[in-house]
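Asks: One file is attached below, upload.cif, containing mmCIF, C-alpha atoms.
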```cif
data_upload
#
loop_
_atom_site.label_atom_id
_atom_site.label_comp_id
_atom_site.auth_asym_id
_atom_site.auth_seq_id
_atom_site.Cartn_x
_atom_site.Cartn_y
_atom_site.Cartn_z
CA MET A 1 31.99 -67.20 99.25
CA ASP A 2 31.27 -68.20 102.82
CA LYS A 3 33.61 -68.33 105.76
CA TYR A 4 33.74 -71.59 107.73
CA VAL A 5 34.71 -72.21 111.34
CA CYS A 6 36.24 -75.35 112.84
CA ASP A 7 33.87 -76.63 115.52
CA VAL A 8 36.74 -78.33 117.33
CA CYS A 9 39.15 -75.45 117.84
CA GLY A 10 37.42 -72.34 116.49
CA TRP A 11 39.89 -71.66 113.65
CA GLU A 12 38.20 -69.75 110.84
CA TYR A 13 38.67 -70.40 107.13
CA ASP A 14 38.44 -67.22 105.08
CA PRO A 15 38.20 -68.05 101.34
CA ALA A 16 39.69 -64.68 100.42
CA ALA A 17 42.88 -65.58 102.28
CA GLY A 18 42.85 -69.33 101.58
CA ASP A 19 45.42 -71.25 103.60
CA PRO A 20 48.75 -71.11 101.76
CA ASP A 21 50.44 -73.19 104.48
CA THR A 22 48.35 -76.18 103.39
CA ASP A 23 48.46 -75.30 99.68
CA VAL A 24 44.96 -73.83 99.53
CA ALA A 25 45.23 -70.78 97.26
CA PRO A 26 43.55 -67.48 98.16
CA GLY A 27 40.13 -67.33 96.52
CA THR A 28 39.36 -71.05 97.04
CA ALA A 29 35.78 -71.72 98.19
CA PHE A 30 35.56 -74.02 101.22
CA GLU A 31 33.59 -76.52 99.12
CA ASP A 32 36.48 -76.73 96.63
CA ILE A 33 39.14 -77.67 99.20
CA PRO A 34 40.15 -81.34 98.81
CA GLU A 35 38.15 -83.72 101.02
CA ASP A 36 41.27 -85.04 102.76
CA TRP A 37 42.28 -81.54 103.90
CA VAL A 38 42.26 -81.03 107.68
CA CYS A 39 42.13 -78.02 110.00
CA PRO A 40 45.65 -76.54 110.07
CA VAL A 41 45.37 -75.85 113.80
CA CYS A 42 43.85 -78.96 115.37
CA GLY A 43 43.77 -81.54 112.58
CA ALA A 44 39.97 -81.96 112.49
CA PRO A 45 38.49 -83.14 109.14
CA LYS A 46 36.45 -80.91 106.81
CA SER A 47 33.24 -82.46 108.17
CA GLU A 48 33.88 -80.72 111.52
CA PHE A 49 33.53 -77.27 109.94
CA SER A 50 30.37 -75.14 110.00
CA LYS A 51 29.39 -72.22 107.82
CA VAL A 52 29.73 -68.85 109.57
CA GLU A 53 26.24 -67.35 109.50
CA MET B 1 50.24 -79.15 154.25
CA LYS B 2 49.76 -75.42 154.27
CA PRO B 3 48.15 -73.24 151.65
CA VAL B 4 50.44 -70.52 150.28
CA GLU B 5 49.14 -66.96 150.08
CA ILE B 6 50.50 -65.75 146.73
CA LYS B 7 48.62 -62.39 146.83
CA PRO B 8 46.44 -60.99 149.63
CA ASP B 9 43.52 -63.43 149.91
CA VAL B 10 44.70 -65.46 146.91
CA PHE B 11 45.97 -68.89 147.91
CA TRP B 12 47.78 -71.73 146.18
CA VAL B 13 45.91 -74.86 147.27
CA GLY B 14 47.42 -77.38 144.83
CA ALA B 15 49.45 -80.53 145.30
CA VAL B 16 53.10 -81.51 144.79
CA ASP B 17 53.73 -84.80 142.99
CA TRP B 18 57.23 -85.82 144.04
CA VAL B 19 56.76 -89.37 142.79
CA SER B 20 55.46 -89.47 139.22
CA ARG B 21 57.93 -89.65 136.36
CA ASP B 22 55.27 -90.34 133.72
CA PHE B 23 53.51 -87.24 132.44
CA HIS B 24 50.17 -88.12 130.84
CA GLY B 25 51.49 -91.36 129.38
CA TYR B 26 53.57 -89.84 126.59
CA SER B 27 56.30 -87.76 128.20
CA LEU B 28 58.65 -88.18 131.13
CA SER B 29 58.69 -85.76 134.05
CA PRO B 30 62.10 -86.54 135.55
CA MET B 31 61.72 -83.89 138.25
CA GLY B 32 58.12 -84.75 139.22
CA THR B 33 55.46 -82.07 138.87
CA THR B 34 52.79 -80.07 140.69
CA TYR B 35 49.07 -79.60 140.07
CA ASN B 36 48.23 -76.03 140.98
CA ALA B 37 44.77 -74.95 142.10
CA TYR B 38 44.04 -71.47 143.42
CA LEU B 39 41.44 -70.24 145.90
CA VAL B 40 40.44 -66.57 146.04
CA LYS B 41 38.76 -65.36 149.21
CA ASP B 42 36.32 -62.60 148.30
CA GLU B 43 32.55 -62.03 148.62
CA LYS B 44 32.19 -64.92 146.19
CA ILE B 45 34.86 -67.42 147.18
CA THR B 46 36.27 -68.77 143.92
CA LEU B 47 38.28 -71.90 143.17
CA PHE B 48 40.40 -71.98 140.00
CA ASP B 49 40.86 -75.55 138.72
CA THR B 50 41.50 -78.65 140.82
CA VAL B 51 44.23 -81.32 140.86
CA LYS B 52 44.84 -84.85 139.60
CA PRO B 53 42.24 -87.10 141.28
CA GLU B 54 44.65 -89.01 143.54
CA PHE B 55 45.78 -85.69 145.05
CA GLN B 56 42.30 -84.55 146.03
CA GLY B 57 42.97 -85.08 149.75
CA GLU B 58 46.07 -82.90 149.63
CA MET B 59 44.15 -80.11 147.89
CA LEU B 60 41.23 -80.35 150.33
CA CYS B 61 43.61 -80.17 153.29
CA ARG B 62 45.02 -76.89 151.98
CA MET B 63 41.63 -75.53 150.88
CA ALA B 64 40.02 -76.19 154.24
CA GLN B 65 42.57 -73.94 155.97
CA VAL B 66 41.32 -71.03 153.81
CA ALA B 67 37.59 -71.74 153.55
CA LYS B 68 35.13 -74.51 154.25
CA PRO B 69 34.31 -76.30 150.99
CA GLU B 70 30.60 -75.55 151.41
CA ASP B 71 31.40 -71.82 151.62
CA ILE B 72 32.98 -71.79 148.14
CA ASP B 73 30.66 -70.09 145.62
CA TYR B 74 32.30 -70.38 142.22
CA ILE B 75 34.54 -72.83 140.40
CA VAL B 76 36.44 -71.64 137.32
CA VAL B 77 37.49 -74.49 135.04
CA ASN B 78 40.28 -73.18 132.81
CA HIS B 79 41.03 -76.61 131.32
CA LEU B 80 39.28 -79.99 131.30
CA GLU B 81 42.28 -82.33 131.29
CA PRO B 82 42.02 -84.75 134.24
CA ASP B 83 45.10 -83.43 136.06
CA HIS B 84 43.18 -80.15 136.52
CA ALA B 85 39.51 -81.04 136.28
CA GLY B 86 39.78 -84.59 137.60
CA CYS B 87 38.32 -83.70 141.01
CA LEU B 88 35.44 -81.71 139.53
CA PRO B 89 32.60 -84.22 140.16
CA GLN B 90 33.63 -84.66 143.81
CA MET B 91 34.18 -80.92 144.30
CA ILE B 92 30.80 -80.02 142.79
CA GLU B 93 29.11 -82.55 145.03
CA MET B 94 30.94 -81.31 148.12
CA ILE B 95 30.84 -77.57 147.42
CA GLN B 96 27.44 -77.34 145.72
CA PRO B 97 28.73 -74.23 143.91
CA GLU B 98 26.45 -71.49 142.73
CA LYS B 99 28.21 -71.45 139.36
CA VAL B 100 30.86 -73.34 137.41
CA PHE B 101 32.53 -71.28 134.68
CA CYS B 102 34.16 -72.67 131.55
CA SER B 103 34.75 -71.75 127.90
CA PRO B 104 32.32 -72.77 125.10
CA MET B 105 34.69 -75.59 124.08
CA GLY B 106 35.09 -76.35 127.78
CA GLU B 107 31.40 -77.09 128.12
CA LYS B 108 31.62 -79.61 125.27
CA ALA B 109 34.68 -81.26 126.83
CA MET B 110 33.06 -81.22 130.28
CA LYS B 111 30.03 -83.09 128.98
CA ALA B 112 32.19 -85.63 127.14
CA HIS B 113 34.35 -86.22 130.23
CA PHE B 114 31.82 -86.28 133.03
CA HIS B 115 28.43 -86.94 131.39
CA TYR B 116 26.90 -84.81 134.12
CA GLU B 117 23.40 -83.58 134.68
CA GLY B 118 22.32 -80.56 136.64
CA TRP B 119 25.68 -78.87 137.13
CA PRO B 120 25.33 -75.05 137.30
CA VAL B 121 27.61 -74.47 134.31
CA GLU B 122 27.92 -70.96 132.88
CA VAL B 123 29.79 -70.56 129.60
CA VAL B 124 32.13 -67.58 129.29
CA LYS B 125 33.83 -66.32 126.14
CA THR B 126 36.80 -64.06 125.48
CA GLY B 127 35.82 -60.59 126.68
CA ASP B 128 33.35 -61.84 129.30
CA SER B 129 33.95 -60.96 132.93
CA ILE B 130 32.35 -61.54 136.30
CA ASN B 131 32.55 -59.72 139.62
CA ILE B 132 33.28 -61.61 142.82
CA GLY B 133 33.29 -58.66 145.26
CA LYS B 134 36.47 -56.61 145.35
CA ARG B 135 37.67 -58.32 142.25
CA ASP B 136 36.69 -58.92 138.64
CA ILE B 137 37.66 -61.97 136.65
CA HIS B 138 38.17 -61.51 132.91
CA PHE B 139 38.23 -64.58 130.71
CA VAL B 140 40.35 -65.09 127.60
CA GLU B 141 39.92 -68.24 125.53
CA THR B 142 43.23 -69.75 124.41
CA ARG B 143 41.95 -72.44 122.08
CA MET B 144 44.51 -75.13 121.26
CA LEU B 145 46.84 -73.87 123.99
CA HIS B 146 46.90 -76.70 124.35
CA TRP B 147 43.35 -78.12 124.10
CA PRO B 148 40.32 -76.55 122.39
CA ASP B 149 38.76 -75.78 125.82
CA SER B 150 41.79 -73.99 127.29
CA MET B 151 41.28 -70.51 128.69
CA VAL B 152 43.02 -68.13 131.09
CA SER B 153 41.55 -65.92 133.83
CA TYR B 154 42.77 -62.41 134.60
CA ILE B 155 42.15 -60.54 137.84
CA PRO B 156 43.04 -56.86 137.21
CA GLN B 157 42.86 -55.83 140.89
CA ASP B 158 45.58 -58.38 141.69
CA LYS B 159 47.44 -58.01 138.36
CA LEU B 160 47.21 -61.79 138.32
CA LEU B 161 46.87 -64.07 135.29
CA VAL B 162 45.79 -67.60 136.19
CA CYS B 163 47.19 -69.06 133.02
CA ASN B 164 46.39 -72.75 133.18
CA ASP B 165 48.88 -74.99 131.30
CA ALA B 166 50.62 -72.06 129.58
CA PHE B 167 54.02 -71.34 131.19
CA GLY B 168 53.80 -74.63 133.11
CA GLN B 169 56.81 -76.70 134.12
CA ASN B 170 57.09 -80.23 135.41
CA VAL B 171 59.12 -79.77 138.55
CA ALA B 172 58.28 -80.77 142.10
CA THR B 173 59.66 -78.27 144.60
CA SER B 174 59.04 -77.10 148.14
CA GLN B 175 59.16 -73.53 146.78
CA ARG B 176 56.21 -71.97 144.95
CA PHE B 177 57.88 -69.07 143.13
CA ALA B 178 60.18 -69.21 140.12
CA ASP B 179 62.60 -66.72 141.69
CA GLU B 180 63.22 -69.16 144.55
CA ILE B 181 64.84 -71.91 142.50
CA ASP B 182 67.90 -72.28 140.30
CA ARG B 183 67.32 -70.46 137.00
CA ALA B 184 68.94 -73.18 134.87
CA VAL B 185 66.63 -75.80 136.39
CA LEU B 186 63.63 -73.53 135.78
CA PHE B 187 64.62 -72.87 132.16
CA HIS B 188 65.17 -76.56 131.49
CA ALA B 189 61.77 -77.42 132.96
CA MET B 190 60.08 -74.72 130.84
CA LYS B 191 61.84 -75.95 127.72
CA GLU B 192 61.04 -79.61 128.40
CA TYR B 193 57.37 -78.74 128.92
CA TYR B 194 57.15 -76.52 125.84
CA ALA B 195 58.99 -78.98 123.56
CA ASN B 196 56.79 -81.92 124.51
CA ILE B 197 53.39 -80.25 124.89
CA VAL B 198 53.12 -76.77 123.41
CA LEU B 199 55.46 -76.88 120.38
CA PRO B 200 52.88 -77.87 117.70
CA PHE B 201 50.83 -74.81 118.62
CA SER B 202 53.72 -72.34 118.31
CA PRO B 203 51.97 -70.18 115.65
CA ILE B 204 49.06 -69.76 118.10
CA VAL B 205 51.46 -68.99 120.95
CA LEU B 206 52.90 -66.10 118.93
CA LYS B 207 49.42 -64.78 118.08
CA THR B 208 48.32 -65.09 121.72
CA LEU B 209 51.43 -63.28 123.00
CA ASP B 210 50.65 -60.46 120.54
CA LEU B 211 47.00 -60.45 121.65
CA LEU B 212 47.99 -60.21 125.32
CA ALA B 213 50.35 -57.34 124.47
CA GLU B 214 47.57 -55.55 122.54
CA MET B 215 45.18 -55.98 125.46
CA LYS B 216 47.75 -54.21 127.63
CA LEU B 217 46.95 -56.40 130.60
CA ASP B 218 48.81 -55.19 133.65
CA VAL B 219 50.25 -58.45 134.96
CA ASP B 220 52.77 -58.87 137.75
CA MET B 221 52.06 -62.52 138.42
CA LEU B 222 51.57 -65.55 136.17
CA ALA B 223 50.07 -68.51 138.01
CA PRO B 224 50.29 -71.66 135.88
CA ASP B 225 48.71 -75.03 136.69
CA HIS B 226 52.06 -76.87 136.83
CA GLY B 227 55.26 -75.89 138.56
CA LEU B 228 56.38 -72.51 139.80
CA ILE B 229 54.64 -69.12 139.81
CA PHE B 230 56.25 -66.16 138.04
CA ARG B 231 56.16 -62.82 139.85
CA GLY B 232 57.57 -59.34 139.26
CA GLU B 233 60.28 -59.22 136.61
CA ASP B 234 59.86 -62.93 136.01
CA VAL B 235 56.59 -62.26 134.18
CA ALA B 236 58.54 -60.66 131.32
CA TYR B 237 61.08 -63.49 131.56
CA ALA B 238 58.33 -66.10 131.08
CA LEU B 239 56.71 -64.22 128.18
CA ASN B 240 60.04 -63.66 126.42
CA THR B 241 61.10 -67.26 126.95
CA TYR B 242 57.85 -68.48 125.37
CA ARG B 243 58.35 -66.14 122.41
CA GLU B 244 61.87 -67.53 121.97
CA PHE B 245 60.57 -71.13 122.06
CA ALA B 246 57.71 -70.35 119.67
CA GLU B 247 59.93 -68.60 117.13
CA GLN B 248 62.05 -71.79 116.89
CA LYS B 249 65.23 -70.00 115.90
CA PRO B 250 67.82 -72.76 115.50
CA LYS B 251 71.01 -72.74 117.56
CA ASN B 252 74.43 -73.98 116.51
CA LYS B 253 73.46 -77.42 117.72
CA ALA B 254 72.73 -80.87 116.30
CA VAL B 255 71.02 -83.93 117.76
CA ILE B 256 72.18 -87.36 116.62
CA ALA B 257 69.48 -89.84 117.62
CA TYR B 258 70.16 -93.49 116.85
CA ASP B 259 69.70 -97.09 117.83
CA SER B 260 72.11 -99.91 117.14
CA MET B 261 72.32 -103.71 117.29
CA TRP B 262 76.03 -104.53 117.08
CA HIS B 263 77.48 -101.01 117.50
CA SER B 264 78.01 -100.33 113.77
CA THR B 265 75.41 -97.55 113.58
CA GLU B 266 76.79 -96.29 116.89
CA LYS B 267 80.31 -95.97 115.44
CA MET B 268 78.80 -94.05 112.52
CA ALA B 269 77.06 -91.68 114.95
CA LEU B 270 80.36 -90.91 116.70
CA ALA B 271 82.10 -90.28 113.37
CA ILE B 272 79.34 -87.92 112.18
CA ALA B 273 79.77 -85.99 115.44
CA GLU B 274 83.47 -85.53 114.61
CA GLY B 275 82.57 -83.78 111.36
CA LEU B 276 80.03 -81.55 113.11
CA GLN B 277 82.51 -80.60 115.81
CA GLU B 278 84.95 -79.37 113.16
CA HIS B 279 82.38 -76.61 112.59
CA GLY B 280 82.04 -75.89 116.30
CA VAL B 281 78.57 -77.44 116.53
CA ASP B 282 77.21 -78.41 119.96
CA VAL B 283 76.41 -82.11 119.40
CA LYS B 284 74.04 -84.24 121.50
CA ILE B 285 74.51 -87.93 120.75
CA MET B 286 71.42 -89.76 122.00
CA TRP B 287 71.20 -93.54 122.00
CA LEU B 288 67.50 -94.24 121.98
CA LYS B 289 67.64 -97.05 124.54
CA ALA B 290 69.17 -94.64 127.06
CA ASN B 291 67.19 -91.53 126.09
CA HIS B 292 63.38 -91.38 126.20
CA HIS B 293 61.72 -89.81 123.16
CA SER B 294 60.62 -86.83 125.29
CA ALA B 295 64.25 -86.21 126.36
CA VAL B 296 65.23 -86.26 122.67
CA MET B 297 62.50 -83.73 121.89
CA THR B 298 63.76 -81.39 124.61
CA GLU B 299 67.09 -81.28 122.74
CA VAL B 300 65.52 -81.14 119.26
CA ILE B 301 63.53 -77.96 119.95
CA ASP B 302 66.51 -75.58 119.69
CA ALA B 303 68.78 -77.72 117.47
CA ALA B 304 69.42 -76.70 113.86
CA ALA B 305 69.87 -80.31 112.72
CA VAL B 306 68.32 -83.68 113.53
CA ILE B 307 70.45 -86.59 112.32
CA VAL B 308 68.80 -89.98 112.68
CA GLY B 309 70.46 -93.38 112.46
CA SER B 310 69.17 -96.94 112.41
CA PRO B 311 70.48 -100.25 111.21
CA THR B 312 68.21 -101.98 108.75
CA HIS B 313 66.03 -104.41 110.68
CA ASN B 314 63.48 -106.64 108.93
CA ASN B 315 63.65 -104.39 105.85
CA GLY B 316 62.85 -101.31 107.92
CA ILE B 317 64.08 -99.35 110.93
CA MET B 318 64.41 -100.33 114.58
CA PRO B 319 61.37 -99.86 116.85
CA ASN B 320 62.90 -97.07 118.97
CA VAL B 321 63.81 -95.12 115.84
CA ALA B 322 60.29 -95.44 114.43
CA LYS B 323 58.94 -94.31 117.77
CA VAL B 324 61.10 -91.19 118.02
CA LEU B 325 60.43 -90.18 114.39
CA ASN B 326 56.69 -90.54 114.89
CA TYR B 327 56.88 -88.54 118.13
CA ILE B 328 59.01 -85.73 116.68
CA LYS B 329 56.75 -85.42 113.62
CA GLY B 330 53.63 -85.02 115.76
CA LEU B 331 55.20 -82.08 117.59
CA LYS B 332 55.74 -80.28 114.25
CA PRO B 333 59.23 -78.81 114.70
CA GLN B 334 59.99 -76.17 112.06
CA ASN B 335 63.07 -75.01 110.24
CA LYS B 336 65.32 -78.07 110.72
CA ILE B 337 68.10 -79.68 108.72
CA GLY B 338 67.92 -83.48 108.59
CA ALA B 339 70.15 -86.40 107.66
CA ALA B 340 69.98 -90.21 107.78
CA PHE B 341 72.57 -92.92 108.36
CA GLY B 342 72.74 -96.58 109.31
CA SER B 343 74.39 -99.95 108.88
CA PHE B 344 72.82 -102.95 107.20
CA GLY B 345 73.42 -106.63 106.60
CA TRP B 346 71.90 -107.40 103.20
CA SER B 347 68.99 -105.21 102.03
CA GLY B 348 69.65 -101.73 103.54
CA GLU B 349 66.29 -99.95 103.53
CA SER B 350 66.75 -98.02 106.80
CA VAL B 351 68.22 -94.78 105.42
CA LYS B 352 65.47 -94.56 102.81
CA VAL B 353 62.76 -95.00 105.46
CA ILE B 354 64.37 -92.39 107.73
CA THR B 355 64.78 -89.97 104.81
CA GLU B 356 61.06 -90.28 103.99
CA TRP B 357 60.20 -89.42 107.59
CA LEU B 358 62.50 -86.39 107.56
CA GLU B 359 61.08 -85.22 104.21
CA SER B 360 57.57 -85.53 105.63
CA MET B 361 58.64 -83.01 108.31
CA SER B 362 59.84 -80.61 105.57
CA MET B 363 63.44 -80.81 106.76
CA GLU B 364 66.25 -79.59 104.52
CA LEU B 365 68.39 -82.56 103.48
CA PRO B 366 71.71 -81.17 102.22
CA ALA B 367 73.66 -84.46 102.42
CA ASP B 368 73.15 -87.89 100.89
CA PRO B 369 72.52 -90.53 103.56
CA VAL B 370 75.40 -92.82 104.49
CA LYS B 371 74.89 -96.55 104.76
CA VAL B 372 77.50 -99.14 105.66
CA LYS B 373 77.41 -102.89 105.12
CA HIS B 374 77.84 -104.75 108.41
CA VAL B 375 80.82 -103.07 110.14
CA PRO B 376 82.32 -99.69 109.22
CA ASN B 377 86.01 -99.35 108.32
CA HIS B 378 88.21 -96.27 108.06
CA GLU B 379 86.90 -95.48 104.60
CA SER B 380 83.22 -95.67 105.49
CA LEU B 381 83.78 -93.79 108.76
CA ALA B 382 85.46 -91.03 106.70
CA LYS B 383 82.16 -90.78 104.76
CA CYS B 384 80.36 -90.33 108.06
CA VAL B 385 82.78 -87.57 109.11
CA GLU B 386 82.13 -85.93 105.74
CA LEU B 387 78.36 -86.14 106.33
CA GLY B 388 78.94 -84.38 109.64
CA ARG B 389 80.99 -81.67 107.90
CA ILE B 390 78.29 -81.05 105.27
CA ILE B 391 75.62 -80.74 107.95
CA GLY B 392 77.95 -78.60 110.09
CA GLN B 393 78.44 -76.23 107.15
CA ALA B 394 74.69 -76.08 106.49
CA ILE B 395 74.10 -75.27 110.17
CA GLN B 396 76.59 -72.37 109.99
CA THR B 397 74.73 -70.98 106.96
CA LYS B 398 71.40 -71.34 108.76
CA VAL B 399 72.35 -69.81 112.09
CA GLY B 400 74.54 -67.15 110.46
#
```
Please lay out the structure from this file as C-alpha cells.
Replies:
Amino acid sequence: MDKYVCDVCGWEYDPAAGDPDTDVAPGTAFEDIPEDWVCPVCGAPKSEFSKVE
Amino acid sequence: MKPVEIKPDVFWVGAVDWVSRDFHGYSLSPMGTTYNAYLVKDEKITLFDTVKPEFQGEMLCRMAQVAKPEDIDYIVVNHLEPDHAGCLPQMIEMIQPEKVFCSPMGEKAMKAHFHYEGWPVEVVKTGDSINIGKRDIHFVETRMLHWPDSMVSYIPQDKLLVCNDAFGQNVATSQRFADEIDRAVLFHAMKEYYANIVLPFSPIVLKTLDLLAEMKLDVDMLAPDHGLIFRGEDVAYALNTYREFAEQKPKNKAVIAYDSMWHSTEKMALAIAEGLQEHGVDVKIMWLKANHHSAVMTEVIDAAAVIVGSPTHNNGIMPNVAKVLNYIKGLKPQNKIGAAFGSFGWSGESVKVITEWLESMSMELPADPVKVKHVPNHESLAKCVELGRIIGQAIQTKVG
C-alpha cells in the first residue's frame, strides 16, 4: 500500500498506521478512506493528496 | 525611530502598531501589536521578513540607519501572511536582492499572493543552510505553525532563532525584550495569541518542540515576528509556556458564555456560577455583548468547562452565541466539559442546538441542560445551581 502526502501542509498518510484520530483503522489503503475525509492537520480534501513516489 | 541592536550586527527594524485593535479581522488585539523585521549586517546583508504594508515607511526609516536598501543582498521570507510579507514587492523592487529565500510551501503561497515574475526566489527545506559571511542560517520548516509556508531561521553563531509567528504576542511596547515588561502582561499576551491563533495546531506544536529539543539547537534568543523578544533564561520560559498551552491541561476553572434578551438567561448564568463556586471553581461569567469571541477564547483555553447559555430566538440560538460556538469549534479545544442552558418563550430549541455544538467538539456532557420558560423562579434557579454543582464536581474529578 502506498503512502500519500498532503500537498497543502505536507502531512503524510501511512496506511500501516492509519489515522485513528479520524477513525481510519491501521491497514486502510488511502483509496479506501471515505471521500469526505479531510487532512487531519490542515483540513484539505482527499483530492489534495499525492502518492509518495 | 531607531533600530535596536539585539545581538552584535543583528538589528530589529520592525514597526510598533499602537493603534490597531483588530488582528487580521478575526481577533482583537487590545494592547496593539508589533510587526518585527530583522536585519543582519554581514558579508551578505540579510533581511528577515518585513512588516504590514502601511508600516513600510517606519521599517525603512530603521533599516536605512543600518544599511542602504540597495546594499541588502538577501531577503528571508519565513511567512507569507501580509503583516510580514506585505512589503515584499516594494522591497524587492527597491533592494534588487540577489536572492529571496522561502520554504517550498512558501513559494506556492508567494506566487498566489503576488503573482510575480522574475523574482530571484530560492526554495529552502528543513536541513538546508546558507552562509552569509561570519554566519550560517539554518532553515526549519514549521508547516501549519500556523500556515503551510511557515518556517523558522536559526543562526548558530548568534544562538538566535528567528521564529516567525511562533512565540508571538500582540502587545505594543516601547521595550523590545520580554524581560523588560511586566510578566503577567507578557503571559496574558502569549496566552491570548496562542488561544486565538495557534491552538488548533497544538499536536504539531508538541512535535515541533520535541524536534527542536532533538536537534539540540543552542538558542539564547527567540526573535518572533510579533511582540517582545525572549533572551537568556526567557527562552526556556517561552518554550515551557508553549508546551503548557499545547498540552491543554485543564485548570479548576469554568467559562460561562451567554447572551440574553430580558435577563432570564443571565439570571441562570449567575445561579450556575453559585453551584460551581461551591466546588471552589474559578468562574468567568462572560456576557457575549460585552466580551468579544477572542476574549472568550483566551479564557476557554485553560478552563476545564465551557458552559454556554442562550434564550431561544426564532427557534434557534442568539447570533452572538452562534458566533462564539462556531469560533471556539474552529480552534479545536481539547479535553473540555460542556453544558447548555437558556430561557425560552414557547418552543425552547436553544439548549438542544447548543448541546449539538458542544457534542461536535467532543466535550463531556455530565449534566442535562436546564431550560426555563420565560422568567426563572426560585425552583428553576435551584436547578441551575445544581447544574453548576454537577459541573463543579466533574471539574474536580478531571483536574484531580
Asks: When distances are computed from only C-alpha atoms, which of B:Phe344, B:Phe187, B:Trp147, B:Tyr194 shows the smallest separation from chain A?
Replies: B:Trp147
Asks: Residue by residue, what does the PyMOL selection byres ((chain A) within 12 of (chain B)) grab here? Present the result as a VMD selection string.
Replies: chain A and resid 6 to 11 21 39 to 44
Asks: Return as a list of chain:residue names the set of residues that the PyMOL selection byres ((chain B and resi 311) around 6) yields on the displayed structure.
Replies: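 Residues picked by the PyMOL selection byres ((chain B and resi 311) around 6): B:Ser310, B:Thr312, B:Gly342, B:Ser343, B:Phe344.
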Asks: Find the residues around Gly392 (chain B) up to 7 Å (all atoms listed in the file counted), leave out those fewer than 3 positions away in its own chain, and share them as an MDAnalysis selection string.
Replies: chainID B and resid 276 279 281 388:389 395:396
Asks: Give me the residues within 12 Å of His374 (chain B) as a list in words, counting all atoms listed in the file and dropping any in the same chain fewer than 4 places off.
Replies: Ser260, Met261, Trp262, His263, Ser264, Thr265, Lys267, Met268, Pro311, Thr312, Gly342, Ser343, Phe344, Gly345, Trp346, Ser347, Gly348 and Ser380 of chain B
Asks: Tell me which of A:Tyr13, A:Tyr4, A:Lys46, A:Pro20 sits closest to Pro34 (chain A), counting only C-alpha atoms.
Replies: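 Of all the options, A:Lys46 lies closest to Pro34 (chain A).
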Asks: Got a sec to resolve the PyMOL selection byres ((chain B and resi 371) around 7) on this structure and send the residues as a list in words?
Replies: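 Those residues are Phe341, Gly342, Ser343, Val351, Pro369, Val370, Val372 and Lys373 of chain B.
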Asks: So, with all atoms listed in the file as the atoms that count, which of A:Pro45, A:Met1, A:Lys51, A:Ala17 lies closest to Asp32 (chain A)?
Replies: A:Met1
Asks: Which value, in Å to one decimal, gives the distance between CA of Ala37 (chain B) and CA of Trp12 (chain B)?
Replies: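 So the two atoms, CA of Ala37 (chain B) and CA of Trp12 (chain B), lie 6.0 Å apart.
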Asks: What separation in Å, quoted to one decimal, exists between CA of Val235 (chain B) and CA of Met221 (chain B)?
Replies: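 Atom-to-atom, CA of Val235 (chain B) and CA of Met221 (chain B) are spaced 6.2 Å apart.
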Asks: What gap, in Å, lies between CA of Glu379 (chain B) and CA of Ala271 (chain B)?
Replies: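 The value is 11.3 Å.
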Asks: Could you list, as a PDB file with C-alpha atoms, in the coordinates of the input, every residue within 12 Å of Asp2 (chain A), counting only C-alpha atoms and ignoring same-chain residues fewer than 6 positions away?
Replies:
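part.pdb was written with the following content:
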```
ATOM      1  CA  GLU A  12      38.200 -69.750 110.840  1.00  0.00           C
ATOM      2  CA  TYR A  13      38.670 -70.400 107.130  1.00  0.00           C
ATOM      3  CA  ASP A  14      38.440 -67.220 105.080  1.00  0.00           C
ATOM      4  CA  PRO A  15      38.200 -68.050 101.340  1.00  0.00           C
ATOM      5  CA  ALA A  16      39.690 -64.680 100.420  1.00  0.00           C
ATOM      6  CA  ALA A  17      42.880 -65.580 102.280  1.00  0.00           C
ATOM      7  CA  GLY A  18      42.850 -69.330 101.580  1.00  0.00           C
ATOM      8  CA  GLY A  27      40.130 -67.330  96.520  1.00  0.00           C
ATOM      9  CA  THR A  28      39.360 -71.050  97.040  1.00  0.00           C
ATOM     10  CA  ALA A  29      35.780 -71.720  98.190  1.00  0.00           C
ATOM     11  CA  PHE A  30      35.560 -74.020 101.220  1.00  0.00           C
ATOM     12  CA  GLU A  31      33.590 -76.520  99.120  1.00  0.00           C
ATOM     13  CA  ASP A  32      36.480 -76.730  96.630  1.00  0.00           C
ATOM     14  CA  PHE A  49      33.530 -77.270 109.940  1.00  0.00           C
ATOM     15  CA  SER A  50      30.370 -75.140 110.000  1.00  0.00           C
ATOM     16  CA  LYS A  51      29.390 -72.220 107.820  1.00  0.00           C
ATOM     17  CA  VAL A  52      29.730 -68.850 109.570  1.00  0.00           C
ATOM     18  CA  GLU A  53      26.240 -67.350 109.500  1.00  0.00           C
TER      19      GLU A  53
END
```
Asks: Please provide as a count of residues only all residues within 10 Å of Asp23 (chain A), with the sequence filter that same-chain residues fewer than 4 positions apart are discarded (counting all atoms listed in the file).
Replies: 4
Asks: Using all atoms listed in the file, list the residues that have an atom at most 12 Å from (61.0, -62.2, 142.6), coordinates as in the file, as a list in words.
Replies: Ile6, Arg176, Phe177, Ala178, Asp179, Glu180, Ile181, Arg183, Asp220, Met221, Leu222, Leu228, Ile229, Phe230, Arg231, Gly232, Glu233, Asp234, Val235, Ala236 and Tyr237 of chain B
Asks: Would you mind listing what lies within 9 Å of region 23-30 of chain B as a ChimeraX atom specification, with only C-alpha atoms counted and same-chain residues fewer than 4 positions away left out?
Replies: /B:83,170-171,189,192-193,196-197,292-295
